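Chemist: Structure in structure tokens, see below.
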Amino acid sequence: MEFLEISEEEYTKFRDQYKEKNFWQSLEMAKMRKNSNPSWDYQCVALKDGDTIKASAVLVSLPVFMGKKLYMSLRGFLIDYDALDLVEAFLTELKIYLNEHDCLYFRTDPYIDYQDHDLNGYVVEGKKRDELIQLFEREGFVHSGFRNGHDPNFEPRWMSILDLEGKTNQDIFKAMHTNTRQSIRNAEKMGVKVKELKREELYILKELVDIAGEIRDFESPSISKYEAYYDNFQDHFKACLAYIDLDEYERNVLNDQARQEKILAKALEDLKKTPDSQKKINRKKEAEYAIEGCHRKLKEIKEYKEKYGTVLNLAAACFMLTDYETLYLYSGSNKDLNRFAGSFMIQWHMIQMAIDHHCSRYNFYGISGNFHESAEDYGVFTFKRSFNACVAELVGDFTYTAKPSEFRIYTMLRNVKHKLFR
């Protein structure tokens, strides 16, 4: 077999037929990175058997020290990770390539599970990919360990995955937690809708994600990053907004109130004839309770209109779509409007879209891997779990150092720099 550089066309053709692809491994992602900083570069490489590509990757690179470069293969290679002989051949040839192309060090984080977990995070007994990790280590790639938590310098090692294979909308909805189903039903009754944001509306997504960033203490993306996703990935990138038109909601409440008032009037008339009828007494109480609820809702609507106007932007989120999965990237919501369940409606909207696109799974993406109630992200984890999503644990990150002496100096100088400027 031969390891060589290939054209973008060859790579794209191979990636298109690769089932478990993700957006990080795309040329669009590499080009987006280069557009944000021209110092980044990228190259498509492949291991070929004759004219047949057996494995491939996009390598992105950045000069970091004395003409030497950091190389990365974002979320790993397009390869059958269970074919260990093939992985070994690819790693062997990759190291030769890196050493010939001014590599200082190389990082990758394969998009492949280490072991299975259930929706509560408990390990499901079965296969572990220890042999794969050991193979990387034999080839000189240092494993970063079984990292938990959230680190802005790395993509998540733990994810929350909803299996869609062979499922219908009804199957998925029935399997959700009772409270989640009820939240979606209530939102639909109130008239909460979901729409896709246009490029010029992406500022709405940013505003709501910024709110979440302040609450959960993470740095939210700039508007230029959302625009870059939109421009580079086009139909594969979706930004969605959950909103409610208060005028429409008010009309629905008034109609409901009028209906309940008719029911109450009928119950009162019937009770004149049969005052001891428990059925009619209950009907009267239910109508009165419903009318009180309508009065309360109308008062709230008036207050919301005074504060926000006639349309409430409840929650927004953005997603990446491939044939294999729909992946949930960023989201945010107005916590004062949580009663409208906008975040639940966005997820349900996108889950249905994923089913319509025949995706194999819906990826709620990053969780910390800590499943105790004391965990900082426990609320996020329980939200994703409520859709019946199971926990996925990836094998982790690997680093190959091509120039150990220079890398030690580089690391020392970088640490000094961070101490001086933190």
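Scheme for the structure tokens: letters A, B, ... for chains in order shown; per-chain residue numbers from 1; ligand numbers from 1 in order shown.
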Using only C-alpha atoms, tabulate the residues of region 163-266 of chain A lying at most 8 Å from any atom of region 325-337 of chain A, each with its closest atom pair and that distance in Å to one decimal, by chain and increasing residue number, as a Markdown table.

Modeler:
| residue | atom | partner | partner_atom | distance |
| --- | --- | --- | --- | --- |
| A:Leu205 | CA | A:Gly332 | CA | 7.4 |
| A:Leu208 | CA | A:Gly332 | CA | 4.6 |
| A:Val209 | CA | A:Gly332 | CA | 4.0 |
| A:Asp210 | CA | A:Gly332 | CA | 7.1 |
| A:Ile211 | CA | A:Gly332 | CA | 6.4 |
| A:Ala212 | CA | A:Gly332 | CA | 5.0 |
| A:Gly213 | CA | A:Gly332 | CA | 7.9 |

Chemist: Based on the selection just made, write all heavy atoms of those residues as a short mmCIF file (atom, residue, chain, number, x, y, z; two decimals), in the first residue's frame.

Modeler:
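Now in part.cif:
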data_model
loop_
_atom_site.label_atom_id
_atom_site.label_comp_id
_atom_site.auth_asym_id
_atom_site.auth_seq_id
_atom_site.Cartn_x
_atom_site.Cartn_y
_atom_site.Cartn_z
N LEU A 205 -29.23 34.19 17.53
CA LEU A 205 -28.56 33.02 18.10
C LEU A 205 -27.44 33.47 19.03
O LEU A 205 -27.32 32.96 20.16
CB LEU A 205 -28.00 32.15 16.96
CG LEU A 205 -27.07 31.00 17.37
CD1 LEU A 205 -27.80 29.96 18.20
CD2 LEU A 205 -26.47 30.36 16.11
N LEU A 208 -28.66 34.86 22.46
CA LEU A 208 -29.17 33.84 23.40
C LEU A 208 -28.05 32.91 23.89
O LEU A 208 -28.05 32.50 25.05
CB LEU A 208 -30.30 33.05 22.74
CG LEU A 208 -31.60 33.86 22.57
CD1 LEU A 208 -32.55 33.17 21.61
CD2 LEU A 208 -32.28 34.08 23.92
N VAL A 209 -27.10 32.59 23.01
CA VAL A 209 -25.96 31.77 23.46
C VAL A 209 -25.09 32.56 24.43
O VAL A 209 -24.56 32.01 25.40
CB VAL A 209 -25.13 31.28 22.26
CG1 VAL A 209 -23.89 30.53 22.73
CG2 VAL A 209 -25.96 30.36 21.36
N ASP A 210 -24.97 33.87 24.21
CA ASP A 210 -24.21 34.71 25.14
C ASP A 210 -24.80 34.65 26.55
O ASP A 210 -24.07 34.63 27.55
CB ASP A 210 -24.19 36.16 24.66
CG ASP A 210 -23.26 36.39 23.48
OD1 ASP A 210 -22.48 35.46 23.16
OD2 ASP A 210 -23.31 37.47 22.88
N ILE A 211 -26.13 34.63 26.63
CA ILE A 211 -26.80 34.53 27.94
C ILE A 211 -26.40 33.22 28.62
O ILE A 211 -26.06 33.20 29.81
CB ILE A 211 -28.33 34.62 27.77
CG1 ILE A 211 -28.74 36.01 27.30
CG2 ILE A 211 -29.04 34.27 29.09
CD1 ILE A 211 -30.21 36.13 26.92
N ALA A 212 -26.44 32.13 27.85
CA ALA A 212 -26.07 30.82 28.41
C ALA A 212 -24.60 30.82 28.83
O ALA A 212 -24.24 30.23 29.85
CB ALA A 212 -26.33 29.72 27.38
N GLY A 213 -23.74 31.46 28.03
CA GLY A 213 -22.32 31.52 28.35
C GLY A 213 -22.06 32.22 29.67
O GLY A 213 -21.19 31.81 30.45
#

Chemist: Residues near region 156-159 of chain A, anyone? I mean within 10 Å using only C-alpha atoms, not counting same-chain ones fewer than 3 positions away, as number ranges by chain.

Modeler: A: 109-114, 121, 146-153, 363-370, 381, 384, 389-397

Chemist: Can you list, as a PDB file with N, CA, C and O atoms, in the first residue's frame, every residue of region 184-264 of chain A that DSSP puts in strand (DSSP E or B)?

Modeler:
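Heads up, here's the output in out05.pdb:
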ATOM      1  N   LYS A 193     -43.415  28.018  18.190  1.00  0.00           N
ATOM      2  CA  LYS A 193     -43.005  27.571  16.865  1.00  0.00           C
ATOM      3  C   LYS A 193     -41.481  27.600  16.765  1.00  0.00           C
ATOM      4  O   LYS A 193     -40.798  28.275  17.538  1.00  0.00           O
ATOM      5  N   VAL A 194     -40.965  26.884  15.770  1.00  0.00           N
ATOM      6  CA  VAL A 194     -39.523  26.861  15.505  1.00  0.00           C
ATOM      7  C   VAL A 194     -39.306  27.240  14.050  1.00  0.00           C
ATOM      8  O   VAL A 194     -39.991  26.732  13.156  1.00  0.00           O
ATOM      9  N   LYS A 195     -38.356  28.137  13.822  1.00  0.00           N
ATOM     10  CA  LYS A 195     -38.008  28.515  12.450  1.00  0.00           C
ATOM     11  C   LYS A 195     -36.501  28.499  12.288  1.00  0.00           C
ATOM     12  O   LYS A 195     -35.745  28.617  13.260  1.00  0.00           O
ATOM     13  N   GLU A 196     -36.050  28.333  11.044  1.00  0.00           N
ATOM     14  CA  GLU A 196     -34.626  28.422  10.744  1.00  0.00           C
ATOM     15  C   GLU A 196     -34.240  29.887  10.559  1.00  0.00           C
ATOM     16  O   GLU A 196     -34.950  30.654   9.904  1.00  0.00           O
ATOM     17  N   PHE A 237     -25.550  23.209   7.842  1.00  0.00           N
ATOM     18  CA  PHE A 237     -25.593  23.980   9.082  1.00  0.00           C
ATOM     19  C   PHE A 237     -26.992  24.542   9.262  1.00  0.00           C
ATOM     20  O   PHE A 237     -27.551  25.134   8.343  1.00  0.00           O
ATOM     21  N   LYS A 238     -27.558  24.334  10.433  1.00  0.00           N
ATOM     22  CA  LYS A 238     -28.893  24.839  10.735  1.00  0.00           C
ATOM     23  C   LYS A 238     -28.855  25.648  12.024  1.00  0.00           C
ATOM     24  O   LYS A 238     -28.341  25.171  13.043  1.00  0.00           O
ATOM     25  N   ALA A 239     -29.381  26.853  11.961  1.00  0.00           N
ATOM     26  CA  ALA A 239     -29.570  27.665  13.164  1.00  0.00           C
ATOM     27  C   ALA A 239     -31.066  27.855  13.344  1.00  0.00           C
ATOM     28  O   ALA A 239     -31.765  28.284  12.413  1.00  0.00           O
ATOM     29  N   CYS A 240     -31.574  27.524  14.520  1.00  0.00           N
ATOM     30  CA  CYS A 240     -33.016  27.519  14.751  1.00  0.00           C
ATOM     31  C   CYS A 240     -33.397  28.412  15.928  1.00  0.00           C
ATOM     32  O   CYS A 240     -32.640  28.524  16.900  1.00  0.00           O
ATOM     33  N   LEU A 241     -34.570  28.991  15.831  1.00  0.00           N
ATOM     34  CA  LEU A 241     -35.125  29.828  16.892  1.00  0.00           C
ATOM     35  C   LEU A 241     -36.500  29.314  17.281  1.00  0.00           C
ATOM     36  O   LEU A 241     -37.352  29.082  16.423  1.00  0.00           O
ATOM     37  N   ALA A 242     -36.711  29.152  18.584  1.00  0.00           N
ATOM     38  CA  ALA A 242     -38.047  28.872  19.115  1.00  0.00           C
ATOM     39  C   ALA A 242     -38.633  30.200  19.580  1.00  0.00           C
ATOM     40  O   ALA A 242     -37.980  30.947  20.318  1.00  0.00           O
ATOM     41  N   TYR A 243     -39.834  30.492  19.155  1.00  0.00           N
ATOM     42  CA  TYR A 243     -40.450  31.781  19.470  1.00  0.00           C
ATOM     43  C   TYR A 243     -41.951  31.600  19.661  1.00  0.00           C
ATOM     44  O   TYR A 243     -42.529  30.560  19.304  1.00  0.00           O
ATOM     45  N   ILE A 244     -42.574  32.633  20.226  1.00  0.00           N
ATOM     46  CA  ILE A 244     -44.027  32.617  20.360  1.00  0.00           C
ATOM     47  C   ILE A 244     -44.565  33.995  20.008  1.00  0.00           C
ATOM     48  O   ILE A 244     -44.014  35.011  20.443  1.00  0.00           O
ATOM     49  N   ASP A 245     -45.611  34.015  19.193  1.00  0.00           N
ATOM     50  CA  ASP A 245     -46.315  35.245  18.828  1.00  0.00           C
ATOM     51  C   ASP A 245     -47.382  35.480  19.891  1.00  0.00           C
ATOM     52  O   ASP A 245     -48.367  34.723  19.971  1.00  0.00           O
TER      53      ASP A 245
END

Chemist: I need the residues in region 191-369 of chain A that are alpha helix (DSSP H) according to DSSP; give them as a PyMOL selection string.

Modeler: chain A and resi 202-216+223-233+246-273+278-308+342-356

Chemist: Nearest to Phe173 (chain A) among A:Lys21, A:His349, A:Lys128, A:Lys279, with distances taken over only C-alpha atoms: which residue is it?

Modeler: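 Using only C-alpha atoms, Phe173 (chain A) sits closest to A:His349.
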
Chemist: Give me, as a PyMOL selection string, all polymer residues having an atom no more than 8 Å from Glu5 (chain A), counting only C-alpha atoms and skipping those fewer than 2 positions away in the same chain.

Modeler: chain A and resi 3+7+43-46

Chemist: Write the selection just made, keeping N, CA, C and O atoms, as a compact mmCIF listing (two decimals), in the first residue's frame?

Modeler:
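The resulting file, part.txt, is shown below:
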# COMPACT_ATOMS: atom_id res chain seq x y z
N PHE A 3 1.13 5.51 0.85
CA PHE A 3 0.61 6.68 1.57
C PHE A 3 1.00 7.92 0.78
O PHE A 3 2.19 8.15 0.50
N SER A 7 -6.06 14.61 -4.05
CA SER A 7 -6.77 15.85 -4.38
C SER A 7 -7.99 16.02 -3.47
O SER A 7 -8.48 15.06 -2.85
N GLN A 43 -3.96 19.63 4.14
CA GLN A 43 -3.62 18.71 3.05
C GLN A 43 -4.40 17.42 3.23
O GLN A 43 -4.55 16.93 4.35
N CYS A 44 -4.91 16.88 2.13
CA CYS A 44 -5.61 15.59 2.16
C CYS A 44 -4.59 14.47 1.90
O CYS A 44 -3.80 14.55 0.97
N VAL A 45 -4.63 13.46 2.74
CA VAL A 45 -3.73 12.31 2.57
C VAL A 45 -4.56 11.03 2.59
O VAL A 45 -5.69 11.00 3.08
N ALA A 46 -3.96 9.96 2.04
CA ALA A 46 -4.68 8.68 1.99
C ALA A 46 -3.69 7.53 1.94
O ALA A 46 -2.55 7.67 1.50

Chemist: Can you pull out the residues contacting Tyr97 (chain A)? Cut-off 10 Å, using only C-alpha atoms, and skip same-chain residues under 3 positions away; I want them as a ChimeraX atom specification.

Modeler: /A:3-5,45,91-94,100-103

Chemist: If you take only C-alpha atoms and a cut-off of 8 Å, which residues of region 324-385 of chain A touch region 175-191 of chain A, and what are their nearest atom pairs and distances in Å to one decimal, in chain and number order, as JSON lines?

Modeler:
{"residue": "A:Phe340", "atom": "CA", "partner": "A:Ala187", "partner_atom": "CA", "distance": 5.6}
{"residue": "A:Ala341", "atom": "CA", "partner": "A:Ala187", "partner_atom": "CA", "distance": 5.9}
{"residue": "A:Gly342", "atom": "CA", "partner": "A:Ala187", "partner_atom": "CA", "distance": 7.3}
{"residue": "A:Phe344", "atom": "CA", "partner": "A:Ile184", "partner_atom": "CA", "distance": 6.2}
{"residue": "A:Met345", "atom": "CA", "partner": "A:Ile184", "partner_atom": "CA", "distance": 6.0}
{"residue": "A:Trp348", "atom": "CA", "partner": "A:Ile184", "partner_atom": "CA", "distance": 7.8}

Chemist: Skipping near chain neighbours, those fewer than 2 positions away, what residues fall within 10 Å of Glu288 (chain A) using only C-alpha atoms, listed as a list in words?

Modeler: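 Answer for this query is Gln257, Gln260, Glu261, Ile263, Leu264, Asn282, Arg283, Lys284, Lys285, Glu286, Ala290, Ile291, Glu292, Gly293 and Cys294 of chain A.
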
Chemist: With distances taken over only C-alpha atoms, which residue among A:Leu268, A:Leu74, A:Leu104, A:Ala55 lies nearest Thr411 (chain A)?

Modeler: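 Among A:Leu268, A:Leu74, A:Leu104, A:Ala55, it is A:Leu104 that comes nearest to Thr411 (chain A).
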
Chemist: Which residues are close to region 167-170 of chain A, i.e. within 12 Å by only C-alpha atoms, leaving aside same-chain residues fewer than 3 positions away? Reply as a PyMOL selection string.

Modeler: chain A and resi 162-164+173-176+181+348-362

Chemist: For the residues in the current selection, export N, CA, C and O atoms as a PDB file, in the first residue's frame.

Modeler:
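The new file out-v8.pdb reads:
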ATOM      1  N   LEU A 162     -28.730   9.871  20.862  1.00  0.00           N
ATOM      2  CA  LEU A 162     -30.061   9.291  20.681  1.00  0.00           C
ATOM      3  C   LEU A 162     -30.055   8.447  19.403  1.00  0.00           C
ATOM      4  O   LEU A 162     -29.836   8.973  18.307  1.00  0.00           O
ATOM      5  N   ASP A 163     -30.274   7.166  19.553  1.00  0.00           N
ATOM      6  CA  ASP A 163     -30.270   6.248  18.409  1.00  0.00           C
ATOM      7  C   ASP A 163     -31.555   6.420  17.603  1.00  0.00           C
ATOM      8  O   ASP A 163     -32.658   6.309  18.140  1.00  0.00           O
ATOM      9  N   LEU A 164     -31.420   6.693  16.306  1.00  0.00           N
ATOM     10  CA  LEU A 164     -32.581   6.884  15.426  1.00  0.00           C
ATOM     11  C   LEU A 164     -32.772   5.738  14.438  1.00  0.00           C
ATOM     12  O   LEU A 164     -33.752   5.742  13.687  1.00  0.00           O
ATOM     13  N   PHE A 173     -40.770   9.764  20.361  1.00  0.00           N
ATOM     14  CA  PHE A 173     -41.564  10.562  21.300  1.00  0.00           C
ATOM     15  C   PHE A 173     -42.022   9.712  22.484  1.00  0.00           C
ATOM     16  O   PHE A 173     -41.956  10.150  23.642  1.00  0.00           O
ATOM     17  N   LYS A 174     -42.461   8.504  22.213  1.00  0.00           N
ATOM     18  CA  LYS A 174     -42.937   7.617  23.287  1.00  0.00           C
ATOM     19  C   LYS A 174     -41.830   7.271  24.276  1.00  0.00           C
ATOM     20  O   LYS A 174     -42.094   7.057  25.460  1.00  0.00           O
ATOM     21  N   ALA A 175     -40.588   7.197  23.797  1.00  0.00           N
ATOM     22  CA  ALA A 175     -39.471   6.782  24.650  1.00  0.00           C
ATOM     23  C   ALA A 175     -38.930   7.919  25.522  1.00  0.00           C
ATOM     24  O   ALA A 175     -38.139   7.683  26.429  1.00  0.00           O
ATOM     25  N   MET A 176     -39.365   9.153  25.259  1.00  0.00           N
ATOM     26  CA  MET A 176     -38.906  10.283  26.061  1.00  0.00           C
ATOM     27  C   MET A 176     -39.477  10.206  27.477  1.00  0.00           C
ATOM     28  O   MET A 176     -40.502   9.566  27.724  1.00  0.00           O
ATOM     29  N   ARG A 181     -42.119  14.867  27.294  1.00  0.00           N
ATOM     30  CA  ARG A 181     -43.279  14.800  26.390  1.00  0.00           C
ATOM     31  C   ARG A 181     -44.300  15.877  26.746  1.00  0.00           C
ATOM     32  O   ARG A 181     -44.851  16.545  25.858  1.00  0.00           O
ATOM     33  N   TRP A 348     -36.913  18.831  19.634  1.00  0.00           N
ATOM     34  CA  TRP A 348     -37.908  17.964  18.993  1.00  0.00           C
ATOM     35  C   TRP A 348     -38.011  18.272  17.499  1.00  0.00           C
ATOM     36  O   TRP A 348     -38.126  17.368  16.668  1.00  0.00           O
ATOM     37  N   HIS A 349     -37.943  19.551  17.144  1.00  0.00           N
ATOM     38  CA  HIS A 349     -37.965  19.944  15.735  1.00  0.00           C
ATOM     39  C   HIS A 349     -36.796  19.322  14.977  1.00  0.00           C
ATOM     40  O   HIS A 349     -36.959  18.761  13.886  1.00  0.00           O
ATOM     41  N   MET A 350     -35.593  19.386  15.572  1.00  0.00           N
ATOM     42  CA  MET A 350     -34.410  18.887  14.891  1.00  0.00           C
ATOM     43  C   MET A 350     -34.338  17.361  14.901  1.00  0.00           C
ATOM     44  O   MET A 350     -33.816  16.750  13.967  1.00  0.00           O
ATOM     45  N   ILE A 351     -34.843  16.737  15.947  1.00  0.00           N
ATOM     46  CA  ILE A 351     -34.905  15.268  15.970  1.00  0.00           C
ATOM     47  C   ILE A 351     -35.774  14.769  14.826  1.00  0.00           C
ATOM     48  O   ILE A 351     -35.415  13.822  14.114  1.00  0.00           O
ATOM     49  N   GLN A 352     -36.917  15.423  14.626  1.00  0.00           N
ATOM     50  CA  GLN A 352     -37.793  15.030  13.521  1.00  0.00           C
ATOM     51  C   GLN A 352     -37.125  15.270  12.172  1.00  0.00           C
ATOM     52  O   GLN A 352     -37.273  14.468  11.243  1.00  0.00           O
ATOM     53  N   MET A 353     -36.375  16.368  12.066  1.00  0.00           N
ATOM     54  CA  MET A 353     -35.644  16.622  10.823  1.00  0.00           C
ATOM     55  C   MET A 353     -34.604  15.534  10.584  1.00  0.00           C
ATOM     56  O   MET A 353     -34.420  15.059   9.454  1.00  0.00           O
ATOM     57  N   ALA A 354     -33.914  15.127  11.656  1.00  0.00           N
ATOM     58  CA  ALA A 354     -32.900  14.071  11.531  1.00  0.00           C
ATOM     59  C   ALA A 354     -33.531  12.766  11.049  1.00  0.00           C
ATOM     60  O   ALA A 354     -32.959  12.053  10.221  1.00  0.00           O
ATOM     61  N   ILE A 355     -34.701  12.444  11.579  1.00  0.00           N
ATOM     62  CA  ILE A 355     -35.410  11.231  11.142  1.00  0.00           C
ATOM     63  C   ILE A 355     -35.793  11.357   9.672  1.00  0.00           C
ATOM     64  O   ILE A 355     -35.627  10.413   8.886  1.00  0.00           O
ATOM     65  N   ASP A 356     -36.284  12.528   9.280  1.00  0.00           N
ATOM     66  CA  ASP A 356     -36.658  12.758   7.882  1.00  0.00           C
ATOM     67  C   ASP A 356     -35.462  12.624   6.943  1.00  0.00           C
ATOM     68  O   ASP A 356     -35.620  12.201   5.789  1.00  0.00           O
ATOM     69  N   HIS A 357     -34.272  12.977   7.439  1.00  0.00           N
ATOM     70  CA  HIS A 357     -33.041  12.884   6.630  1.00  0.00           C
ATOM     71  C   HIS A 357     -32.382  11.505   6.753  1.00  0.00           C
ATOM     72  O   HIS A 357     -31.274  11.305   6.256  1.00  0.00           O
ATOM     73  N   HIS A 358     -33.047  10.577   7.448  1.00  0.00           N
ATOM     74  CA  HIS A 358     -32.560   9.196   7.611  1.00  0.00           C
ATOM     75  C   HIS A 358     -31.207   9.140   8.324  1.00  0.00           C
ATOM     76  O   HIS A 358     -30.377   8.270   8.030  1.00  0.00           O
ATOM     77  N   CYS A 359     -30.973  10.073   9.251  1.00  0.00           N
ATOM     78  CA  CYS A 359     -29.762  10.027  10.062  1.00  0.00           C
ATOM     79  C   CYS A 359     -29.810   8.806  10.983  1.00  0.00           C
ATOM     80  O   CYS A 359     -30.869   8.433  11.485  1.00  0.00           O
ATOM     81  N   SER A 360     -28.649   8.225  11.240  1.00  0.00           N
ATOM     82  CA  SER A 360     -28.580   7.067  12.121  1.00  0.00           C
ATOM     83  C   SER A 360     -28.714   7.450  13.588  1.00  0.00           C
ATOM     84  O   SER A 360     -29.148   6.652  14.412  1.00  0.00           O
ATOM     85  N   ARG A 361     -28.313   8.690  13.906  1.00  0.00           N
ATOM     86  CA  ARG A 361     -28.376   9.093  15.302  1.00  0.00           C
ATOM     87  C   ARG A 361     -28.472  10.608  15.427  1.00  0.00           C
ATOM     88  O   ARG A 361     -28.144  11.358  14.503  1.00  0.00           O
ATOM     89  N   TYR A 362     -28.917  11.025  16.605  1.00  0.00           N
ATOM     90  CA  TYR A 362     -29.002  12.432  16.956  1.00  0.00           C
ATOM     91  C   TYR A 362     -28.026  12.655  18.096  1.00  0.00           C
ATOM     92  O   TYR A 362     -28.144  12.042  19.158  1.00  0.00           O
TER      93      TYR A 362
END
